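As stored in coords_8.pdb (PDB, C-alpha atoms and all ligand atoms):
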ATOM      1  CA  MET B  43     -92.601-160.642-138.115  1.00  0.00           C
ATOM      2  CA  LYS B  44     -94.511-159.399-141.129  1.00  0.00           C
ATOM      3  CA  ILE B  45     -94.131-161.333-144.369  1.00  0.00           C
ATOM      4  CA  LYS B  46     -93.685-158.709-147.070  1.00  0.00           C
ATOM      5  CA  SER B  47     -92.441-160.841-149.926  1.00  0.00           C
ATOM      6  CA  THR B  48     -92.035-164.488-150.835  1.00  0.00           C
ATOM      7  CA  GLU B  49     -90.152-165.774-153.832  1.00  0.00           C
ATOM      8  CA  PHE B  50     -89.598-169.335-155.012  1.00  0.00           C
ATOM      9  CA  ILE B  51     -85.924-169.562-155.968  1.00  0.00           C
ATOM     10  CA  LEU B  52     -85.276-173.100-157.181  1.00  0.00           C
ATOM     11  CA  SER B  53     -85.586-176.824-156.526  1.00  0.00           C
ATOM     12  CA  ALA B  54     -82.275-178.593-156.008  1.00  0.00           C
ATOM     13  CA  PRO B  55     -81.601-182.315-156.523  1.00  0.00           C
ATOM     14  CA  ASP B  56     -78.281-182.099-154.621  1.00  0.00           C
ATOM     15  CA  LEU B  57     -76.107-179.839-152.481  1.00  0.00           C
ATOM     16  CA  ALA B  58     -74.159-178.474-155.447  1.00  0.00           C
ATOM     17  CA  SER B  59     -77.389-177.202-157.015  1.00  0.00           C
ATOM     18  CA  CYS B  60     -78.494-175.242-153.921  1.00  0.00           C
ATOM     19  CA  PRO B  61     -78.571-171.452-154.365  1.00  0.00           C
ATOM     20  CA  GLN B  62     -75.377-169.601-153.496  1.00  0.00           C
ATOM     21  CA  THR B  63     -76.260-167.210-150.719  1.00  0.00           C
ATOM     22  CA  THR B  64     -75.094-166.052-147.339  1.00  0.00           C
ATOM     23  CA  PHE B  65     -78.592-165.187-146.092  1.00  0.00           C
ATOM     24  CA  PRO B  66     -79.669-167.182-143.016  1.00  0.00           C
ATOM     25  CA  GLU B  67     -81.599-170.296-143.939  1.00  0.00           C
ATOM     26  CA  PHE B  68     -84.251-172.267-142.056  1.00  0.00           C
ATOM     27  CA  ALA B  69     -84.985-175.810-143.165  1.00  0.00           C
ATOM     28  CA  PHE B  70     -88.090-177.871-142.472  1.00  0.00           C
ATOM     29  CA  ILE B  71     -87.768-181.607-142.192  1.00  0.00           C
ATOM     30  CA  GLY B  72     -89.666-184.583-140.809  1.00  0.00           C
ATOM     31  CA  ARG B  73     -91.447-187.722-141.895  1.00  0.00           C
ATOM     32  CA  SER B  74     -93.373-187.730-145.140  1.00  0.00           C
ATOM     33  CA  ASN B  75     -96.840-186.276-144.710  1.00  0.00           C
ATOM     34  CA  VAL B  76     -96.061-184.650-141.327  1.00  0.00           C
ATOM     35  CA  GLY B  77     -96.961-181.246-142.770  1.00  0.00           C
ATOM     36  CA  LYS B  78     -93.695-179.530-143.777  1.00  0.00           C
ATOM     37  CA  SER B  79     -94.984-177.913-146.958  1.00  0.00           C
ATOM     38  CA  SER B  80     -98.251-176.951-145.235  1.00  0.00           C
ATOM     39  CA  LEU B  81     -96.339-175.262-142.408  1.00  0.00           C
ATOM     40  CA  ILE B  82     -94.264-173.246-144.880  1.00  0.00           C
ATOM     41  CA  ASN B  83     -97.497-172.051-146.474  1.00  0.00           C
ATOM     42  CA  LEU B  84     -98.931-171.183-143.048  1.00  0.00           C
ATOM     43  CA  LEU B  85     -95.825-169.190-142.098  1.00  0.00           C
ATOM     44  CA  THR B  86     -95.708-167.277-145.354  1.00  0.00           C
ATOM     45  CA  GLY B  87     -99.458-166.833-145.618  1.00  0.00           C
ATOM     46  CA  LYS B  88     -99.312-168.216-149.174  1.00  0.00           C
ATOM     47  CA  LYS B  89    -101.621-171.140-149.789  1.00  0.00           C
ATOM     48  CA  ASP B  90     -99.698-172.694-152.640  1.00  0.00           C
ATOM     49  CA  LEU B  91     -96.102-171.547-152.199  1.00  0.00           C
ATOM     50  CA  ALA B  92     -94.954-175.054-151.231  1.00  0.00           C
ATOM     51  CA  LYS B  93     -96.723-177.984-152.851  1.00  0.00           C
ATOM     52  CA  THR B  94     -98.717-180.104-150.401  1.00  0.00           C
ATOM     53  CA  SER B  95    -100.421-183.445-150.854  1.00  0.00           C
ATOM     54  CA  GLY B  96    -102.393-186.087-149.028  1.00  0.00           C
ATOM     55  CA  THR B  97    -100.059-188.645-150.617  1.00  0.00           C
ATOM     56  CA  PRO B  98     -96.724-189.048-148.799  1.00  0.00           C
ATOM     57  CA  GLY B  99     -93.554-188.383-150.783  1.00  0.00           C
ATOM     58  CA  LYS B 100     -94.773-185.246-152.572  1.00  0.00           C
ATOM     59  CA  THR B 101     -91.635-183.210-151.949  1.00  0.00           C
ATOM     60  CA  VAL B 102     -88.658-184.947-153.570  1.00  0.00           C
ATOM     61  CA  LEU B 103     -86.309-182.020-154.149  1.00  0.00           C
ATOM     62  CA  LEU B 104     -84.890-179.353-151.831  1.00  0.00           C
ATOM     63  CA  ASN B 105     -87.113-176.322-152.464  1.00  0.00           C
ATOM     64  CA  PHE B 106     -85.795-172.838-151.660  1.00  0.00           C
ATOM     65  CA  PHE B 107     -87.897-169.762-150.941  1.00  0.00           C
ATOM     66  CA  LYS B 108     -86.562-166.264-150.250  1.00  0.00           C
ATOM     67  CA  ILE B 109     -88.586-164.333-147.674  1.00  0.00           C
ATOM     68  CA  ASN B 110     -88.571-160.542-147.268  1.00  0.00           C
ATOM     69  CA  GLY B 111     -85.487-160.494-149.487  1.00  0.00           C
ATOM     70  CA  SER B 112     -83.300-161.407-146.535  1.00  0.00           C
ATOM     71  CA  TRP B 113     -83.713-165.006-145.373  1.00  0.00           C
ATOM     72  CA  LEU B 114     -84.614-168.394-146.802  1.00  0.00           C
ATOM     73  CA  LEU B 115     -87.016-171.205-146.052  1.00  0.00           C
ATOM     74  CA  VAL B 116     -86.208-174.676-147.344  1.00  0.00           C
ATOM     75  CA  ASP B 117     -88.816-177.380-147.843  1.00  0.00           C
ATOM     76  CA  LEU B 118     -86.944-180.684-147.600  1.00  0.00           C
ATOM     77  CA  PRO B 119     -88.160-184.103-148.749  1.00  0.00           C
ATOM     78  CA  GLY B 120     -89.594-186.245-145.968  1.00  0.00           C
ATOM     79  CA  TYR B 121     -87.717-189.156-144.486  1.00  0.00           C
ATOM     80  CA  GLY B 122     -89.139-192.589-143.854  1.00  0.00           C
ATOM     81  CA  PHE B 123     -91.257-192.979-146.916  1.00  0.00           C
ATOM     82  CA  ALA B 124     -90.886-196.561-148.090  1.00  0.00           C
ATOM     83  CA  LYS B 125     -93.010-196.543-151.226  1.00  0.00           C
ATOM     84  CA  VAL B 126     -90.606-194.470-153.328  1.00  0.00           C
ATOM     85  CA  ALA B 127     -88.229-196.693-155.319  1.00  0.00           C
ATOM     86  CA  LYS B 128     -85.231-197.559-153.162  1.00  0.00           C
ATOM     87  CA  THR B 129     -82.633-195.967-155.454  1.00  0.00           C
ATOM     88  CA  GLU B 130     -84.593-192.722-155.677  1.00  0.00           C
ATOM     89  CA  ARG B 131     -85.083-192.675-151.925  1.00  0.00           C
ATOM     90  CA  GLU B 132     -81.379-193.164-151.306  1.00  0.00           C
ATOM     91  CA  GLY B 133     -80.652-190.440-153.842  1.00  0.00           C
ATOM     92  CA  PHE B 134     -82.700-187.790-152.137  1.00  0.00           C
ATOM     93  CA  SER B 135     -81.845-188.784-148.611  1.00  0.00           C
ATOM     94  CA  GLU B 136     -78.180-188.479-149.587  1.00  0.00           C
ATOM     95  CA  ALA B 137     -78.931-184.983-150.898  1.00  0.00           C
ATOM     96  CA  VAL B 138     -80.635-184.103-147.599  1.00  0.00           C
ATOM     97  CA  ASN B 139     -77.755-185.589-145.587  1.00  0.00           C
ATOM     98  CA  HIS B 140     -75.204-183.550-147.545  1.00  0.00           C
ATOM     99  CA  TYR B 141     -77.305-180.444-147.233  1.00  0.00           C
ATOM    100  CA  ILE B 142     -77.610-180.764-143.443  1.00  0.00           C
ATOM    101  CA  GLU B 143     -73.955-181.651-142.971  1.00  0.00           C
ATOM    102  CA  HIS B 144     -72.443-178.980-145.218  1.00  0.00           C
ATOM    103  CA  ARG B 145     -74.814-176.060-145.792  1.00  0.00           C
ATOM    104  CA  GLU B 146     -72.909-173.118-144.319  1.00  0.00           C
ATOM    105  CA  ASN B 147     -75.754-170.604-144.007  1.00  0.00           C
ATOM    106  CA  LEU B 148     -78.113-173.112-142.321  1.00  0.00           C
ATOM    107  CA  ALA B 149     -79.268-171.264-139.197  1.00  0.00           C
ATOM    108  CA  CYS B 150     -81.715-173.801-137.777  1.00  0.00           C
ATOM    109  CA  ILE B 151     -83.507-177.001-138.691  1.00  0.00           C
ATOM    110  CA  PHE B 152     -87.150-177.224-137.700  1.00  0.00           C
ATOM    111  CA  VAL B 153     -87.853-180.909-137.146  1.00  0.00           C
ATOM    112  CA  LEU B 154     -91.560-181.631-137.513  1.00  0.00           C
ATOM    113  CA  ILE B 155     -93.163-184.359-135.449  1.00  0.00           C
ATOM    114  CA  ASP B 156     -96.730-185.613-135.743  1.00  0.00           C
ATOM    115  CA  SER B 157     -98.369-184.520-132.467  1.00  0.00           C
ATOM    116  CA  ARG B 158    -100.630-187.581-132.490  1.00  0.00           C
ATOM    117  CA  LEU B 159     -97.918-190.228-132.286  1.00  0.00           C
ATOM    118  CA  SER B 160     -95.869-191.620-129.418  1.00  0.00           C
ATOM    119  CA  PRO B 161     -92.094-191.144-129.958  1.00  0.00           C
ATOM    120  CA  GLN B 162     -91.112-192.865-133.194  1.00  0.00           C
ATOM    121  CA  PRO B 163     -87.649-194.444-133.570  1.00  0.00           C
ATOM    122  CA  ILE B 164     -87.127-192.780-136.969  1.00  0.00           C
ATOM    123  CA  ASP B 165     -87.605-189.285-135.472  1.00  0.00           C
ATOM    124  CA  LEU B 166     -85.407-190.051-132.464  1.00  0.00           C
ATOM    125  CA  GLU B 167     -82.672-191.457-134.720  1.00  0.00           C
ATOM    126  CA  PHE B 168     -82.799-188.428-136.975  1.00  0.00           C
ATOM    127  CA  LEU B 169     -82.530-186.093-133.974  1.00  0.00           C
ATOM    128  CA  GLU B 170     -79.635-188.060-132.543  1.00  0.00           C
ATOM    129  CA  TRP B 171     -77.770-187.524-135.805  1.00  0.00           C
ATOM    130  CA  VAL B 172     -78.563-183.777-135.880  1.00  0.00           C
ATOM    131  CA  GLU B 173     -77.417-183.435-132.265  1.00  0.00           C
ATOM    132  CA  ARG B 174     -74.150-185.215-133.076  1.00  0.00           C
ATOM    133  CA  LEU B 175     -73.549-182.725-135.895  1.00  0.00           C
ATOM    134  CA  ASP B 176     -74.171-179.915-133.403  1.00  0.00           C
ATOM    135  CA  ILE B 177     -76.593-178.054-135.677  1.00  0.00           C
ATOM    136  CA  PRO B 178     -79.204-175.819-134.016  1.00  0.00           C
ATOM    137  CA  PHE B 179     -82.641-177.378-134.205  1.00  0.00           C
ATOM    138  CA  ALA B 180     -86.162-176.852-132.886  1.00  0.00           C
ATOM    139  CA  LEU B 181     -89.130-179.210-132.707  1.00  0.00           C
ATOM    140  CA  VAL B 182     -92.559-178.507-134.153  1.00  0.00           C
ATOM    141  CA  PHE B 183     -95.424-180.794-133.159  1.00  0.00           C
ATOM    142  CA  THR B 184     -97.860-180.582-136.072  1.00  0.00           C
ATOM    143  CA  LYS B 185    -101.580-181.145-136.692  1.00  0.00           C
ATOM    144  CA  THR B 186    -102.665-180.273-133.136  1.00  0.00           C
ATOM    145  CA  ASP B 187    -106.208-179.554-134.383  1.00  0.00           C
ATOM    146  CA  LYS B 188    -106.731-183.282-134.831  1.00  0.00           C
ATOM    147  CA  GLN B 189    -106.889-184.006-131.088  1.00  0.00           C
ATOM    148  CA  SER B 190    -107.271-182.552-127.586  1.00  0.00           C
ATOM    149  CA  SER B 191    -104.592-180.266-126.210  1.00  0.00           C
ATOM    150  CA  ASN B 192    -104.126-182.749-123.372  1.00  0.00           C
ATOM    151  CA  HIS B 193    -103.139-185.497-125.763  1.00  0.00           C
ATOM    152  CA  THR B 194    -100.694-183.137-127.489  1.00  0.00           C
ATOM    153  CA  LYS B 195     -99.156-182.313-124.095  1.00  0.00           C
ATOM    154  CA  GLN B 196     -98.758-186.015-123.290  1.00  0.00           C
ATOM    155  CA  VAL B 197     -97.058-186.702-126.618  1.00  0.00           C
ATOM    156  CA  ILE B 198     -94.653-183.779-126.144  1.00  0.00           C
ATOM    157  CA  ALA B 199     -93.849-184.935-122.594  1.00  0.00           C
ATOM    158  CA  ALA B 200     -93.131-188.477-123.819  1.00  0.00           C
ATOM    159  CA  PHE B 201     -90.930-187.133-126.597  1.00  0.00           C
ATOM    160  CA  THR B 202     -88.923-184.763-124.421  1.00  0.00           C
ATOM    161  CA  ALA B 203     -88.452-187.561-121.865  1.00  0.00           C
ATOM    162  CA  GLU B 204     -86.835-189.625-124.645  1.00  0.00           C
ATOM    163  CA  LEU B 205     -84.605-186.728-125.685  1.00  0.00           C
ATOM    164  CA  GLY B 206     -83.791-185.954-122.053  1.00  0.00           C
ATOM    165  CA  LYS B 207     -82.141-189.349-121.755  1.00  0.00           C
ATOM    166  CA  ARG B 208     -79.216-187.980-123.699  1.00  0.00           C
ATOM    167  CA  ARG B 209     -79.279-184.190-123.343  1.00  0.00           C
ATOM    168  CA  THR B 210     -79.857-181.808-120.462  1.00  0.00           C
ATOM    169  CA  GLU B 211     -81.004-178.703-122.366  1.00  0.00           C
ATOM    170  CA  PRO B 212     -84.421-179.281-123.936  1.00  0.00           C
ATOM    171  CA  PRO B 213     -84.674-177.867-127.480  1.00  0.00           C
ATOM    172  CA  ALA B 214     -87.125-175.116-128.414  1.00  0.00           C
ATOM    173  CA  ILE B 215     -90.567-176.656-128.878  1.00  0.00           C
ATOM    174  CA  PHE B 216     -93.458-175.339-130.966  1.00  0.00           C
ATOM    175  CA  THR B 217     -96.904-176.686-131.764  1.00  0.00           C
ATOM    176  CA  SER B 218     -98.676-175.995-135.046  1.00  0.00           C
ATOM    177  CA  SER B 219    -101.917-176.328-136.909  1.00  0.00           C
ATOM    178  CA  ILE B 220    -102.815-175.105-140.358  1.00  0.00           C
ATOM    179  CA  LYS B 221    -106.470-175.109-139.319  1.00  0.00           C
ATOM    180  CA  THR B 222    -106.144-172.805-136.293  1.00  0.00           C
ATOM    181  CA  GLN B 223    -102.878-171.053-137.332  1.00  0.00           C
ATOM    182  CA  GLU B 224    -101.373-172.167-134.033  1.00  0.00           C
ATOM    183  CA  GLY B 225     -97.616-171.713-133.961  1.00  0.00           C
ATOM    184  CA  ARG B 226     -97.388-169.205-136.786  1.00  0.00           C
ATOM    185  CA  SER B 227     -96.404-166.111-134.814  1.00  0.00           C
ATOM    186  CA  GLU B 228     -94.211-168.103-132.392  1.00  0.00           C
ATOM    187  CA  ILE B 229     -92.179-169.733-135.152  1.00  0.00           C
ATOM    188  CA  LEU B 230     -91.863-166.490-137.125  1.00  0.00           C
ATOM    189  CA  GLY B 231     -90.778-164.749-133.909  1.00  0.00           C
ATOM    190  CA  ALA B 232     -88.076-167.366-133.358  1.00  0.00           C
ATOM    191  CA  ILE B 233     -86.869-166.969-136.952  1.00  0.00           C
ATOM    192  CA  GLU B 234     -86.792-163.196-136.537  1.00  0.00           C
ATOM    193  CA  ARG B 235     -84.653-163.491-133.408  1.00  0.00           C
ATOM    194  CA  MET B 236     -82.261-165.899-135.094  1.00  0.00           C
ATOM    195  CA  CYS B 237     -81.980-163.598-138.120  1.00  0.00           C
ATOM    196  CA  ALA B 238     -81.029-160.818-135.712  1.00  0.00           C
ATOM    197  CA  GLY B 239     -78.377-163.102-134.205  1.00  0.00           C
ATOM    198  CA  LYS B 240     -80.151-163.431-130.836  1.00  0.00           C
TER     199      LYS B 240
HETATM  200  P1  LIG B 301     -94.070-184.733-148.049  1.00  0.00           P
HETATM  201  O1  LIG B 301     -93.724-183.579-148.948  1.00  0.00           O
HETATM  202  O2  LIG B 301     -94.765-185.844-148.758  1.00  0.00           O
HETATM  203  O3  LIG B 301     -92.907-185.218-147.251  1.00  0.00           O
HETATM  204  O4  LIG B 301     -95.204-184.230-147.004  1.00  0.00           O
HETATM  205  P2  LIG B 301     -95.239-182.902-146.117  1.00  0.00           P
HETATM  206  O5  LIG B 301     -94.575-183.147-144.811  1.00  0.00           O
HETATM  207  O6  LIG B 301     -94.785-181.711-146.886  1.00  0.00           O
HETATM  208  O7  LIG B 301     -96.812-182.793-145.804  1.00  0.00           O
HETATM  209  P3  LIG B 301     -97.903-181.821-146.472  1.00  0.00           P
HETATM  210  O8  LIG B 301     -97.667-180.409-146.042  1.00  0.00           O
HETATM  211  O9  LIG B 301     -97.989-182.112-147.929  1.00  0.00           O
HETATM  212  O10 LIG B 301     -99.225-182.300-145.701  1.00  0.00           O
HETATM  213  C1  LIG B 301     -99.674-183.638-145.740  1.00  0.00           C
HETATM  214  C2  LIG B 301    -101.157-183.691-145.439  1.00  0.00           C
HETATM  215  O11 LIG B 301    -101.404-183.302-144.088  1.00  0.00           O
HETATM  216  C3  LIG B 301    -101.998-182.750-146.305  1.00  0.00           C
HETATM  217  O12 LIG B 301    -103.199-183.406-146.625  1.00  0.00           O
HETATM  218  C4  LIG B 301    -102.252-181.562-145.394  1.00  0.00           C
HETATM  219  O13 LIG B 301    -103.437-180.876-145.693  1.00  0.00           O
HETATM  220  C5  LIG B 301    -102.334-182.231-144.029  1.00  0.00           C
HETATM  221  N1  LIG B 301    -101.933-181.313-142.936  1.00  0.00           N
HETATM  222  C6  LIG B 301    -100.751-180.682-142.808  1.00  0.00           C
HETATM  223  N2  LIG B 301    -100.718-179.913-141.697  1.00  0.00           N
HETATM  224  C7  LIG B 301    -101.922-180.068-141.087  1.00  0.00           C
HETATM  225  C8  LIG B 301    -102.513-179.536-139.889  1.00  0.00           C
HETATM  226  O14 LIG B 301    -101.942-178.737-139.133  1.00  0.00           O
HETATM  227  N3  LIG B 301    -103.778-179.953-139.601  1.00  0.00           N
HETATM  228  C9  LIG B 301    -104.479-180.816-140.394  1.00  0.00           C
HETATM  229  N4  LIG B 301    -105.696-181.172-140.003  1.00  0.00           N
HETATM  230  N5  LIG B 301    -103.962-181.333-141.529  1.00  0.00           N
HETATM  231  C10 LIG B 301    -102.700-180.968-141.881  1.00  0.00           C
HETATM  232 MG    MG B 302     -93.875-181.608-148.725  1.00  0.00          MG
END

Please render this file's structure as structure tokens.
Amino acid sequence: MKIKSTEFILSAPDLASCPQTTFPEFAFIGRSNVGKSSLINLLTGKKDLAKTSGTPGKTVLLNFFKINGSWLLVDLPGYGFAKVAKTEREGFSEAVNHYIEHRENLACIFVLIDSRLSPQPIDLEFLEWVERLDIPFALVFTKTDKQSSNHTKQVIAAFTAELGKRRTEPPAIFTSSIKTQEGRSEILGAIERMCAGK
């Protein structure tokens, strides 16, 4: 899919502040620092559309972007970042929880996983919750440029083995790198198909 236009809409502190729209929406979530904002910039081809940082906890609001005038990308705050004050952390994770549970135009959640790490309980717990809610999701293993493709394959196999313990259908799986652009056309292709209702 060609990206013809990108537009920042707003940053929302809670579900009630999210933009009112019926356009299909694709949300990016995962641990702090996993590369959510970077992936949004890779997909849109805009270096600074979503704010990135080497310091975890950069994204604290739900950030909405309209793409090609017809669908939305949402950059969500990361989970599992302990250094943010507890009350603030609870505040934004509650906003994310509400968003995921109640957002009607949410078409798919892309759950980002660091391709270098063995399966982490926090990611598996998050996925268990998303599966219980029965919301479509896909996995993106990020930062593949940091290691050999063999290691990435091993990590994905270990992760899917964990997921396979409780589900038979494996989810859609993507790999990504902002250095090599890996995953860009695959993820955009998947979004295009979902926008078309396929
Ligand atoms: P929070 O908003 O804090 O939750 O983080 P985030 O998940 O949005 O991560 P962000 O996109 O800010 O990236 C975190 C760091 O990882 C930055 O220094 C990025 O440059 C780096 N990074 C992200 N993706 C990649 C990648 O594919 N390869 C490499 N080498 N670095 C990456
Ligand atoms: Mg971010």

Nearest candidate to ligand MG 302 (chain B) (options B:Asp156, B:Glu143, B:Asp165, B:Asp117; using only C-alpha atoms and all ligand atoms):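 Nearest candidate to ligand MG 302 (chain B) out of B:Asp156, B:Glu143, B:Asp165, B:Asp117: B:Asp117.
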
Surroundings of ligand LIG 301 (chain B) up to 6 Å, based on all atoms listed in the file, as a ChimeraX atom specification: /B:74-80,94-96,98-101,119-120,184-185,187-188,218-221

Residues matched by the PyMOL selection byres (((chain B and resi 155) around 12) and not hetatm), written as number ranges by chain: B: 70-78, 81, 120-121, 152-154, 156-166, 168-169, 180-186, 194, 197-198, 201-202, 215-219

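Shortest separation to ligand MG 302 (chain B) among B:Ala54, B:Lys88, B:Leu118, B:Met43 occurs at residue B:Leu118, atoms counted being only C-alpha atoms and all ligand atoms.
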
Evaluate the PyMOL selection byres (((chain B and resi 230) around 12) and not hetatm) against this structure - the residues, as a PDB file with C-alpha atoms, in the frame of the given file, please.
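Just written: selection29.pdb:
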ATOM      1  CA  MET B  43     -92.601-160.642-138.115  1.00  0.00           C
ATOM      2  CA  LYS B  44     -94.511-159.399-141.129  1.00  0.00           C
ATOM      3  CA  ILE B  45     -94.131-161.333-144.369  1.00  0.00           C
ATOM      4  CA  PHE B  68     -84.251-172.267-142.056  1.00  0.00           C
ATOM      5  CA  LEU B  81     -96.339-175.262-142.408  1.00  0.00           C
ATOM      6  CA  ILE B  82     -94.264-173.246-144.880  1.00  0.00           C
ATOM      7  CA  LEU B  84     -98.931-171.183-143.048  1.00  0.00           C
ATOM      8  CA  LEU B  85     -95.825-169.190-142.098  1.00  0.00           C
ATOM      9  CA  THR B  86     -95.708-167.277-145.354  1.00  0.00           C
ATOM     10  CA  GLY B  87     -99.458-166.833-145.618  1.00  0.00           C
ATOM     11  CA  ILE B 109     -88.586-164.333-147.674  1.00  0.00           C
ATOM     12  CA  TRP B 113     -83.713-165.006-145.373  1.00  0.00           C
ATOM     13  CA  LEU B 115     -87.016-171.205-146.052  1.00  0.00           C
ATOM     14  CA  PHE B 152     -87.150-177.224-137.700  1.00  0.00           C
ATOM     15  CA  PHE B 216     -93.458-175.339-130.966  1.00  0.00           C
ATOM     16  CA  SER B 218     -98.676-175.995-135.046  1.00  0.00           C
ATOM     17  CA  GLN B 223    -102.878-171.053-137.332  1.00  0.00           C
ATOM     18  CA  GLU B 224    -101.373-172.167-134.033  1.00  0.00           C
ATOM     19  CA  GLY B 225     -97.616-171.713-133.961  1.00  0.00           C
ATOM     20  CA  ARG B 226     -97.388-169.205-136.786  1.00  0.00           C
ATOM     21  CA  SER B 227     -96.404-166.111-134.814  1.00  0.00           C
ATOM     22  CA  GLU B 228     -94.211-168.103-132.392  1.00  0.00           C
ATOM     23  CA  ILE B 229     -92.179-169.733-135.152  1.00  0.00           C
ATOM     24  CA  GLY B 231     -90.778-164.749-133.909  1.00  0.00           C
ATOM     25  CA  ALA B 232     -88.076-167.366-133.358  1.00  0.00           C
ATOM     26  CA  ILE B 233     -86.869-166.969-136.952  1.00  0.00           C
ATOM     27  CA  GLU B 234     -86.792-163.196-136.537  1.00  0.00           C
ATOM     28  CA  ARG B 235     -84.653-163.491-133.408  1.00  0.00           C
ATOM     29  CA  MET B 236     -82.261-165.899-135.094  1.00  0.00           C
ATOM     30  CA  CYS B 237     -81.980-163.598-138.120  1.00  0.00           C
TER      31      CYS B 237
END

Quick one: residues within 8 Å of Leu52 of chain B, only C-alpha atoms counted, chain neighbours fewer than 2 positions away excluded, as a short mmCIF file (atom, residue, chain, number, x, y, z; two decimals) with C-alpha atoms, in the frame of the given file?
data_model
loop_
_atom_site.label_atom_id
_atom_site.label_comp_id
_atom_site.auth_asym_id
_atom_site.auth_seq_id
_atom_site.Cartn_x
_atom_site.Cartn_y
_atom_site.Cartn_z
CA PHE B 50 -89.60 -169.34 -155.01
CA ALA B 54 -82.28 -178.59 -156.01
CA CYS B 60 -78.49 -175.24 -153.92
CA PRO B 61 -78.57 -171.45 -154.36
CA ASN B 105 -87.11 -176.32 -152.46
CA PHE B 106 -85.80 -172.84 -151.66
CA PHE B 107 -87.90 -169.76 -150.94
#

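Nearest to ligand MG 302 (chain B) of all the residues B:Lys89, B:Glu67, B:Asp56, B:Val102 is B:Val102, based on all atoms listed in the file.
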
If you take every atom of segment 135-140 of chain B that the file lists and fit an axis-aligned box around them with 6 Å extra on each side, what centre and edge lengths come out in Å to one decimal, as AutoDock Vina command-line options?
--center_x -78.5 --center_y -186.2 --center_z -148.2 --size_x 18.6 --size_y 17.2 --size_z 17.3

Point-to-point distance from atom CA of Glu170 of chain B to atom CA of Ser135 of chain B, Å rounded to tenths: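 These two atoms are separated by 16.2 Å.
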
Pick from B:Lys46, B:Ala92, B:Arg174, B:Thr64 nearest to ligand MG 302 (chain B), counting all atoms listed in the file: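 Among the listed residues, B:Ala92 lies closest to ligand MG 302 (chain B).
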
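Between atom CA of Lys240 of chain B and atom CA of Glu167 of chain B the separation is 28.4 Å.
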
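In terms of minimum interatomic distance to ligand MG 302 (chain B), B:Leu103 ranks closest within B:Ala137, B:Ala58, B:Leu114, B:Leu103, counting only C-alpha atoms and all ligand atoms.
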
Residues near Pro178 of chain B, cut-off 9 Å, all atoms listed in the file, skip fewer than 5 positions along chain, as a ChimeraX atom specification: /B:148-152,172-173,213

Two-atom distance - atom CA of Ile142 of chain B, atom CA of Lys207 of chain B (Å):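 Here the two named atoms are 23.8 Å from each other.
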